[in-house]
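File shown here: entry27.csv, holding CSV, C-alpha atoms.
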chain,number,residue,atom,x,y,z
A,6,MET,CA,74.2,-121.2,-73.8
A,7,PRO,CA,75.6,-119.5,-70.6
A,8,LEU,CA,74.4,-116.1,-69.7
A,9,ARG,CA,76.9,-113.3,-70.3
A,10,VAL,CA,77.0,-111.2,-67.1
A,11,GLY,CA,78.6,-107.7,-67.3
A,12,TYR,CA,80.1,-106.3,-64.1
A,13,VAL,CA,82.6,-103.9,-62.7
A,14,ARG,CA,85.5,-105.6,-60.9
A,15,GLU,CA,85.3,-103.8,-57.6
A,16,HIS,CA,84.9,-105.0,-54.0
A,17,PHE,CA,81.1,-104.8,-54.3
A,18,SER,CA,81.3,-107.6,-56.8
A,19,SER,CA,83.0,-110.1,-54.4
A,20,PRO,CA,79.9,-112.3,-54.0
A,21,LEU,CA,79.5,-112.4,-57.7
A,22,LEU,CA,83.1,-113.4,-58.2
A,23,GLN,CA,82.7,-116.2,-55.7
A,24,PHE,CA,79.6,-117.4,-57.5
A,25,ALA,CA,81.4,-117.4,-60.8
A,26,ALA,CA,84.3,-119.4,-59.4
A,27,ALA,CA,81.9,-122.0,-58.2
A,28,ASP,CA,79.8,-122.0,-61.4
A,29,LYS,CA,82.9,-122.5,-63.6
A,30,GLY,CA,81.1,-121.1,-66.7
A,31,GLU,CA,78.3,-123.7,-66.6
A,32,THR,CA,75.4,-121.3,-66.3
A,33,PHE,CA,77.1,-117.9,-66.8
A,34,THR,CA,80.3,-116.2,-67.8
A,35,LEU,CA,81.6,-112.8,-66.5
A,36,VAL,CA,82.4,-109.9,-68.9
A,37,GLU,CA,84.4,-107.2,-67.2
A,38,CYS,CA,83.4,-103.6,-67.9
A,39,PRO,CA,86.1,-101.4,-66.4
A,40,SER,CA,84.5,-98.1,-67.6
A,41,GLY,CA,81.5,-98.7,-65.5
A,42,THR,CA,77.7,-98.5,-66.0
A,43,GLY,CA,77.9,-96.5,-69.3
A,44,GLN,CA,79.9,-99.3,-70.8
A,45,LEU,CA,77.6,-101.9,-69.3
A,46,ILE,CA,74.5,-100.3,-70.9
A,47,SER,CA,76.4,-100.0,-74.2
A,48,ARG,CA,77.3,-103.6,-74.2
A,49,LEU,CA,73.7,-104.6,-73.3
A,50,THR,CA,72.5,-102.7,-76.3
A,51,ASN,CA,75.2,-104.1,-78.6
A,52,ASP,CA,74.6,-107.8,-77.8
A,53,GLU,CA,77.9,-108.2,-75.9
A,54,ILE,CA,76.2,-109.1,-72.6
A,55,ASP,CA,72.8,-110.4,-71.5
A,56,ILE,CA,72.7,-109.2,-67.9
A,57,ALA,CA,74.3,-106.1,-66.3
A,58,ILE,CA,75.0,-105.6,-62.6
A,59,ALA,CA,75.3,-101.8,-62.6
A,60,LEU,CA,74.7,-98.6,-60.8
A,61,THR,CA,71.1,-97.7,-60.0
A,62,ASP,CA,71.0,-94.1,-61.3
A,63,PRO,CA,72.4,-94.7,-64.8
A,64,LEU,CA,70.2,-97.8,-65.3
A,65,ILE,CA,67.1,-95.9,-64.3
A,66,SER,CA,68.0,-92.7,-66.2
A,67,GLY,CA,68.7,-94.8,-69.3
A,68,LEU,CA,65.2,-96.3,-69.2
A,69,ALA,CA,63.6,-92.9,-68.4
A,70,ASN,CA,65.3,-91.5,-71.4
A,71,GLY,CA,63.8,-94.1,-73.7
A,72,SER,CA,66.1,-97.2,-73.8
A,73,THR,CA,64.3,-100.4,-74.8
A,74,ALA,CA,67.4,-102.6,-74.7
A,75,TYR,CA,66.9,-103.7,-71.1
A,76,ARG,CA,64.6,-103.8,-68.1
A,77,LEU,CA,65.4,-104.0,-64.4
A,78,VAL,CA,65.2,-107.6,-63.0
A,79,GLY,CA,66.7,-107.3,-59.5
A,80,SER,CA,68.7,-105.7,-56.7
A,81,PHE,CA,72.4,-106.3,-55.9
A,82,VAL,CA,73.4,-103.8,-53.2
A,83,ALA,CA,70.9,-102.4,-50.7
A,84,THR,CA,72.9,-99.6,-49.3
A,85,PRO,CA,74.1,-96.2,-50.8
A,86,LEU,CA,77.4,-95.7,-52.6
A,87,ASN,CA,79.7,-93.1,-51.3
A,88,TRP,CA,81.2,-91.2,-54.2
A,89,ALA,CA,84.4,-89.4,-53.5
A,90,VAL,CA,85.0,-86.0,-55.2
A,91,ILE,CA,88.6,-86.3,-56.5
A,92,THR,CA,91.0,-83.7,-57.8
A,93,GLY,CA,94.6,-83.7,-58.9
A,94,ALA,CA,97.4,-84.0,-56.4
A,95,GLY,CA,98.6,-80.4,-57.1
A,96,SER,CA,95.5,-78.8,-58.3
A,97,LYS,CA,94.1,-75.5,-57.0
A,98,TYR,CA,90.8,-77.0,-55.9
A,99,GLY,CA,90.3,-77.5,-52.2
A,100,ALA,CA,86.5,-78.0,-51.8
A,101,ILE,CA,83.5,-79.0,-53.8
A,102,ALA,CA,82.4,-75.3,-53.9
A,103,ASP,CA,85.5,-74.5,-55.9
A,104,LEU,CA,84.4,-76.7,-58.8
A,105,GLN,CA,81.5,-74.5,-60.0
A,106,GLY,CA,81.9,-73.5,-63.6
A,107,THR,CA,84.7,-75.9,-64.3
A,108,THR,CA,84.9,-79.0,-66.5
A,109,LEU,CA,84.3,-82.3,-64.7
A,110,GLY,CA,85.7,-85.6,-65.7
A,111,ILE,CA,83.3,-88.5,-66.4
A,112,SER,CA,84.0,-92.0,-67.7
A,113,ARG,CA,81.3,-92.0,-70.4
A,114,PRO,CA,78.1,-90.1,-71.1
A,115,GLY,CA,75.3,-91.6,-69.0
A,116,SER,CA,77.6,-93.1,-66.5
A,117,GLY,CA,77.3,-92.9,-62.7
A,118,SER,CA,80.2,-90.4,-62.7
A,119,GLN,CA,78.0,-88.1,-64.7
A,120,THR,CA,74.6,-88.6,-63.1
A,121,MET,CA,76.2,-88.1,-59.6
A,122,ALA,CA,77.8,-84.9,-60.8
A,123,TYR,CA,74.3,-83.6,-61.5
A,124,VAL,CA,73.3,-84.7,-58.0
A,125,MET,CA,76.3,-82.9,-56.5
A,126,ALA,CA,75.3,-79.8,-58.5
A,127,LEU,CA,71.8,-80.0,-57.3
A,128,GLN,CA,73.0,-80.3,-53.7
A,129,GLN,CA,75.3,-77.3,-54.2
A,130,GLY,CA,72.6,-75.1,-55.8
A,131,TRP,CA,74.4,-74.9,-59.1
A,132,PRO,CA,72.5,-74.6,-62.4
A,133,THR,CA,72.7,-78.2,-63.7
A,134,LYS,CA,72.3,-77.1,-67.3
A,135,ALA,CA,75.6,-75.3,-67.1
A,136,LEU,CA,77.6,-78.4,-66.2
A,137,GLU,CA,80.5,-79.2,-68.6
A,138,PHE,CA,82.0,-82.7,-68.9
A,139,GLN,CA,85.0,-84.4,-70.5
A,140,ALA,CA,84.8,-88.2,-71.1
A,141,ASN,CA,88.0,-89.9,-70.0
A,142,ASN,CA,87.0,-93.6,-70.3
A,143,ASP,CA,88.2,-95.2,-67.0
A,144,ILE,CA,89.7,-94.5,-63.6
A,145,HIS,CA,93.2,-94.1,-65.1
A,146,GLY,CA,92.1,-91.7,-67.8
A,147,LEU,CA,90.2,-89.7,-65.1
A,148,ILE,CA,93.2,-89.5,-62.8
A,149,ASP,CA,95.5,-88.5,-65.7
A,150,SER,CA,93.1,-85.7,-66.6
A,151,VAL,CA,92.8,-84.1,-63.2
A,152,ASN,CA,96.6,-84.2,-62.8
A,153,ALA,CA,97.0,-82.7,-66.3
A,154,GLY,CA,94.5,-80.0,-65.5
A,155,THR,CA,92.2,-80.7,-68.4
A,156,THR,CA,89.4,-81.4,-65.9
A,157,SER,CA,89.0,-80.0,-62.4
A,158,ALA,CA,87.7,-83.2,-60.6
A,159,PHE,CA,85.8,-86.4,-61.1
A,160,MET,CA,83.6,-88.7,-58.9
A,161,TRP,CA,84.3,-92.4,-58.2
A,162,GLU,CA,83.5,-94.8,-55.4
A,163,TRP,CA,85.4,-93.9,-52.2
A,164,PHE,CA,87.2,-97.1,-51.3
A,165,THR,CA,88.1,-98.0,-54.9
A,166,THR,CA,90.0,-94.7,-55.3
A,167,LYS,CA,91.3,-94.4,-51.7
A,168,PRO,CA,94.6,-96.2,-52.6
A,169,PHE,CA,95.4,-93.5,-55.2
A,170,ALA,CA,94.7,-90.8,-52.6
A,171,ASP,CA,96.8,-92.7,-50.0
A,172,ALA,CA,99.7,-92.8,-52.5
A,173,GLY,CA,99.4,-89.0,-53.1
A,174,VAL,CA,98.4,-89.5,-56.8
A,175,VAL,CA,95.1,-87.6,-56.2
A,176,ARG,CA,93.3,-85.7,-53.4
A,177,PHE,CA,89.8,-86.1,-52.0
A,178,ILE,CA,88.0,-82.8,-51.5
A,179,GLY,CA,84.6,-84.2,-50.5
A,180,SER,CA,82.1,-86.9,-50.9
A,181,VAL,CA,78.5,-87.4,-52.1
A,182,PRO,CA,76.5,-90.5,-51.0
A,183,THR,CA,73.8,-91.7,-53.4
A,184,PRO,CA,70.3,-90.9,-52.2
A,185,TRP,CA,69.3,-94.5,-53.3
A,186,PRO,CA,70.5,-98.1,-52.9
A,187,SER,CA,73.6,-98.3,-55.2
A,188,TRP,CA,73.4,-101.4,-57.5
A,189,LEU,CA,70.6,-103.0,-59.5
A,190,ILE,CA,70.5,-105.8,-62.0
A,191,ALA,CA,69.2,-105.4,-65.6
A,192,ALA,CA,68.6,-108.0,-68.3
A,193,HIS,CA,68.2,-107.6,-72.1
A,194,THR,CA,64.6,-107.6,-73.3
A,195,ASP,CA,65.3,-110.3,-75.9
A,196,THR,CA,64.2,-113.5,-74.2
A,197,ALA,CA,66.4,-115.5,-76.5
A,198,ARG,CA,69.4,-113.7,-75.0
A,199,ALA,CA,68.1,-113.6,-71.5
A,200,PRO,CA,65.5,-116.4,-71.0
A,201,PRO,CA,63.4,-115.5,-67.9
A,202,ALA,CA,63.8,-118.9,-66.4
A,203,ALA,CA,67.6,-118.7,-66.7
A,204,VAL,CA,67.7,-115.2,-65.3
A,205,ARG,CA,65.5,-116.2,-62.3
A,206,ALA,CA,67.8,-119.2,-61.7
A,207,PHE,CA,70.8,-116.9,-61.8
A,208,LEU,CA,69.3,-114.5,-59.3
A,209,HIS,CA,68.2,-117.3,-57.0
A,210,SER,CA,71.7,-118.7,-56.9
A,211,LEU,CA,73.2,-115.3,-56.4
A,212,ASP,CA,71.3,-115.0,-53.2
A,213,GLU,CA,73.2,-117.8,-51.7
A,214,TYR,CA,76.5,-116.0,-52.2
A,215,THR,CA,75.4,-112.5,-51.2
A,216,ARG,CA,74.0,-114.0,-47.9
A,217,ALA,CA,77.1,-115.9,-47.2
A,218,PHE,CA,79.4,-113.0,-48.0
A,219,GLY,CA,77.4,-110.6,-45.8
A,220,ALA,CA,76.9,-112.9,-42.9
A,221,GLU,CA,78.2,-111.6,-39.5
A,222,ASP,CA,80.8,-114.4,-39.2
A,223,ALA,CA,82.0,-113.8,-42.7
A,224,ARG,CA,82.4,-110.1,-42.1
A,225,ALA,CA,84.6,-110.9,-39.1
A,226,GLY,CA,87.1,-112.8,-41.2
A,227,PRO,CA,86.5,-114.7,-44.5
A,228,SER,CA,85.1,-111.7,-46.4
A,229,VAL,CA,87.9,-109.5,-45.2
A,230,GLU,CA,90.5,-112.0,-46.4
A,231,TYR,CA,88.7,-112.5,-49.7
A,232,ILE,CA,88.8,-108.8,-50.5
A,233,LYS,CA,92.3,-108.4,-49.3
A,234,GLY,CA,93.5,-111.3,-51.5
A,235,THR,CA,91.4,-110.3,-54.6
A,236,PHE,CA,91.8,-106.5,-54.5
A,237,GLY,CA,94.7,-105.9,-52.2
A,238,TYR,CA,93.0,-103.3,-50.1
A,239,PRO,CA,94.3,-102.6,-46.5
A,240,VAL,CA,92.4,-104.5,-43.9
A,241,ALA,CA,91.3,-101.3,-42.1
A,242,ASP,CA,89.7,-100.0,-45.3
A,243,ILE,CA,87.9,-103.3,-45.9
A,244,GLU,CA,86.5,-103.5,-42.4
A,245,ALA,CA,85.4,-99.9,-42.7
A,246,TRP,CA,83.6,-100.6,-46.0
A,247,LEU,CA,82.0,-103.8,-44.7
A,248,LYS,CA,80.3,-101.7,-41.9
A,249,THR,CA,78.6,-99.6,-44.5
A,250,VAL,CA,77.3,-102.2,-47.0
A,251,SER,CA,74.5,-104.7,-47.1
A,252,TYR,CA,73.1,-107.0,-49.8
A,253,PRO,CA,69.3,-107.5,-50.3
A,254,PRO,CA,67.7,-110.6,-48.8
A,255,GLN,CA,66.3,-111.4,-52.2
A,256,SER,CA,67.9,-110.4,-55.5
A,257,ALA,CA,64.8,-110.9,-57.6
A,258,ALA,CA,62.9,-108.0,-56.0
A,259,ILE,CA,63.1,-104.2,-56.1
A,260,PRO,CA,61.2,-101.8,-53.8
A,261,ARG,CA,58.9,-99.5,-55.7
A,262,ALA,CA,60.2,-96.6,-53.6
A,263,VAL,CA,63.8,-97.2,-54.9
A,264,ILE,CA,62.7,-96.5,-58.5
A,265,ALA,CA,60.2,-93.8,-57.7
A,266,ASP,CA,62.6,-91.9,-55.4
A,267,THR,CA,65.5,-92.2,-57.9
A,268,LEU,CA,63.3,-90.8,-60.7
A,269,ARG,CA,62.3,-87.9,-58.5
A,270,VAL,CA,65.9,-86.9,-57.6
A,271,LEU,CA,67.1,-87.4,-61.2
A,272,GLU,CA,64.3,-85.2,-62.5
A,273,GLN,CA,65.1,-82.5,-60.0
A,274,ALA,CA,68.8,-82.7,-61.0
A,275,GLY,CA,67.9,-82.2,-64.7
A,276,VAL,CA,69.1,-85.7,-65.8
A,277,ILE,CA,65.7,-86.8,-67.0
A,278,LYS,CA,62.3,-85.2,-67.9
A,279,ALA,CA,59.0,-86.9,-67.0
A,280,PRO,CA,56.6,-87.5,-69.9
A,281,THR,CA,53.1,-86.2,-69.9
A,282,GLY,CA,51.3,-88.2,-67.2
A,283,GLY,CA,54.5,-89.0,-65.3
A,284,PHE,CA,56.6,-92.1,-65.0
A,285,HIS,CA,55.1,-95.5,-64.2
A,286,VAL,CA,57.4,-97.7,-62.1
A,287,GLU,CA,56.0,-100.9,-63.8
A,288,ASP,CA,57.5,-99.7,-67.1
A,289,PHE,CA,61.0,-100.0,-65.7
A,290,VAL,CA,60.9,-103.7,-64.6
A,291,ASP,CA,60.3,-107.2,-66.0
A,292,VAL,CA,57.7,-108.6,-63.7
A,293,ALA,CA,58.0,-112.0,-65.4
A,294,ILE,CA,61.4,-112.3,-63.6
A,295,MET,CA,61.2,-110.2,-60.4
A,296,ALA,CA,58.8,-108.7,-57.9
A,297,LEU,CA,58.1,-105.1,-57.1
A,298,VAL,CA,57.7,-104.8,-53.3

Represent the structure contained in this file as structure tokens.
Amino acid sequence: MPLRVGYVREHFSSPLLQFAAADKGETFTLVECPSGTGQLISRLTNDEIDIAIALTDPLISGLANGSTAYRLVGSFVATPLNWAVITGAGSKYGAIADLQGTTLGISRPGSGSQTMAYVMALQQGWPTKALEFQANNDIHGLIDSVNAGTTSAFMWEWFTTKPFADAGVVRFIGSVPTPWPSWLIAAHTDTARAPPAAVRAFLHSLDEYTRAFGAEDARAGPSVEYIKGTFGYPVADIEAWLKTVSYPPQSAAIPRAVIADTLRVLEQAGVIKAPTGGFHVEDFVDVAIMALV
């Protein structure tokens, strides 16, 4: 049976989409999760997907908070994600500092939009326990909420939301880059759903497409055209994004420091609490599938 791979349909996923088009459902099928990593983790838990390509921080915080539904099996994007801080077109908020004490929009509890709000609060020196959130499901619900005034702002990837800002639907009032590489890959712990050999084969084949997409000659033309044709972004935005992103040389590997450093920041931000004796990086990964480096 083909693996069910959950993903978010954004420009980062371009190599995955190219892989899926070539595979034609022979070894895996794609399951779109527009609400983001919170939805991906939920679908992993509920037997709707077998693999999730999702944001680093919610995946790690979910495991740190006790999830046994999945383990990390690989890396997808090796560079940070730049989160825009977004408010309504006519709101009174003009800077990140203005948001203290207000209700922030998130897609779902445990999502990247929530964990990064904690990171933003940590950077701003706000008490993270005082943060208040309203879940608004997806990008459209989040935009509606900031324009209705039921939330002050929300956080989402910069280039994904830039077309809305360019159209005057919302305003950017700042940005917060992740202090870690942005995307990891997780698989369900049930080997009947995610057989290690099948997951390893998926990751090995994915390498071919991430290398081709990120190659210098592809960045100069074919990758730009692919994103333009698939997502409709302006060429200038695509070229600017491509200058900021890189994919790992090997998908089936995660640097120990990525997990350890992410845990440290999430603990400082109040998203997770270390158990007695601290966290052990090995508990977060499936070493039958991937390597810690």

Would you kindly return, as a list of chain:residue names, each protein, DNA or RNA residue with an atom no farther than 12 Å from any atom of A:Asp171, considering all atoms listed in the file and excluding same-chain residues fewer than 4 positions away?
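My reading of the contact set: A:Ala94, A:Trp163, A:Phe164, A:Thr165, A:Thr166, A:Lys167, A:Val175, A:Arg176, A:Phe177, A:Tyr238, A:Pro239, A:Asp242.
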
Spatial neighbours of A:Leu104, max dist 8 Å, only C-alpha atoms, sep filter under 6 positions, as a VMD selection string:
chain A and resid 98 157 to 158

Which protein, DNA or RNA residues have an atom at most 7 Å from (77.9, -100.7, -53.7), counting all atoms listed in the file? List them as number ranges by chain.
A: 17, 82, 84-86, 187-188, 250

What does the distance between atom CA of A:Val276 and atom CA of A:Ser96 come to in Å, to one decimal place?
28.3 Å

Select, from A:Val90, A:Ser118, A:Trp185, A:Pro132, the residue with the minimum atom-to-atom distance to A:Ala170, counting only C-alpha atoms.
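Distance minimum relative to A:Ala170 lands on A:Val90.
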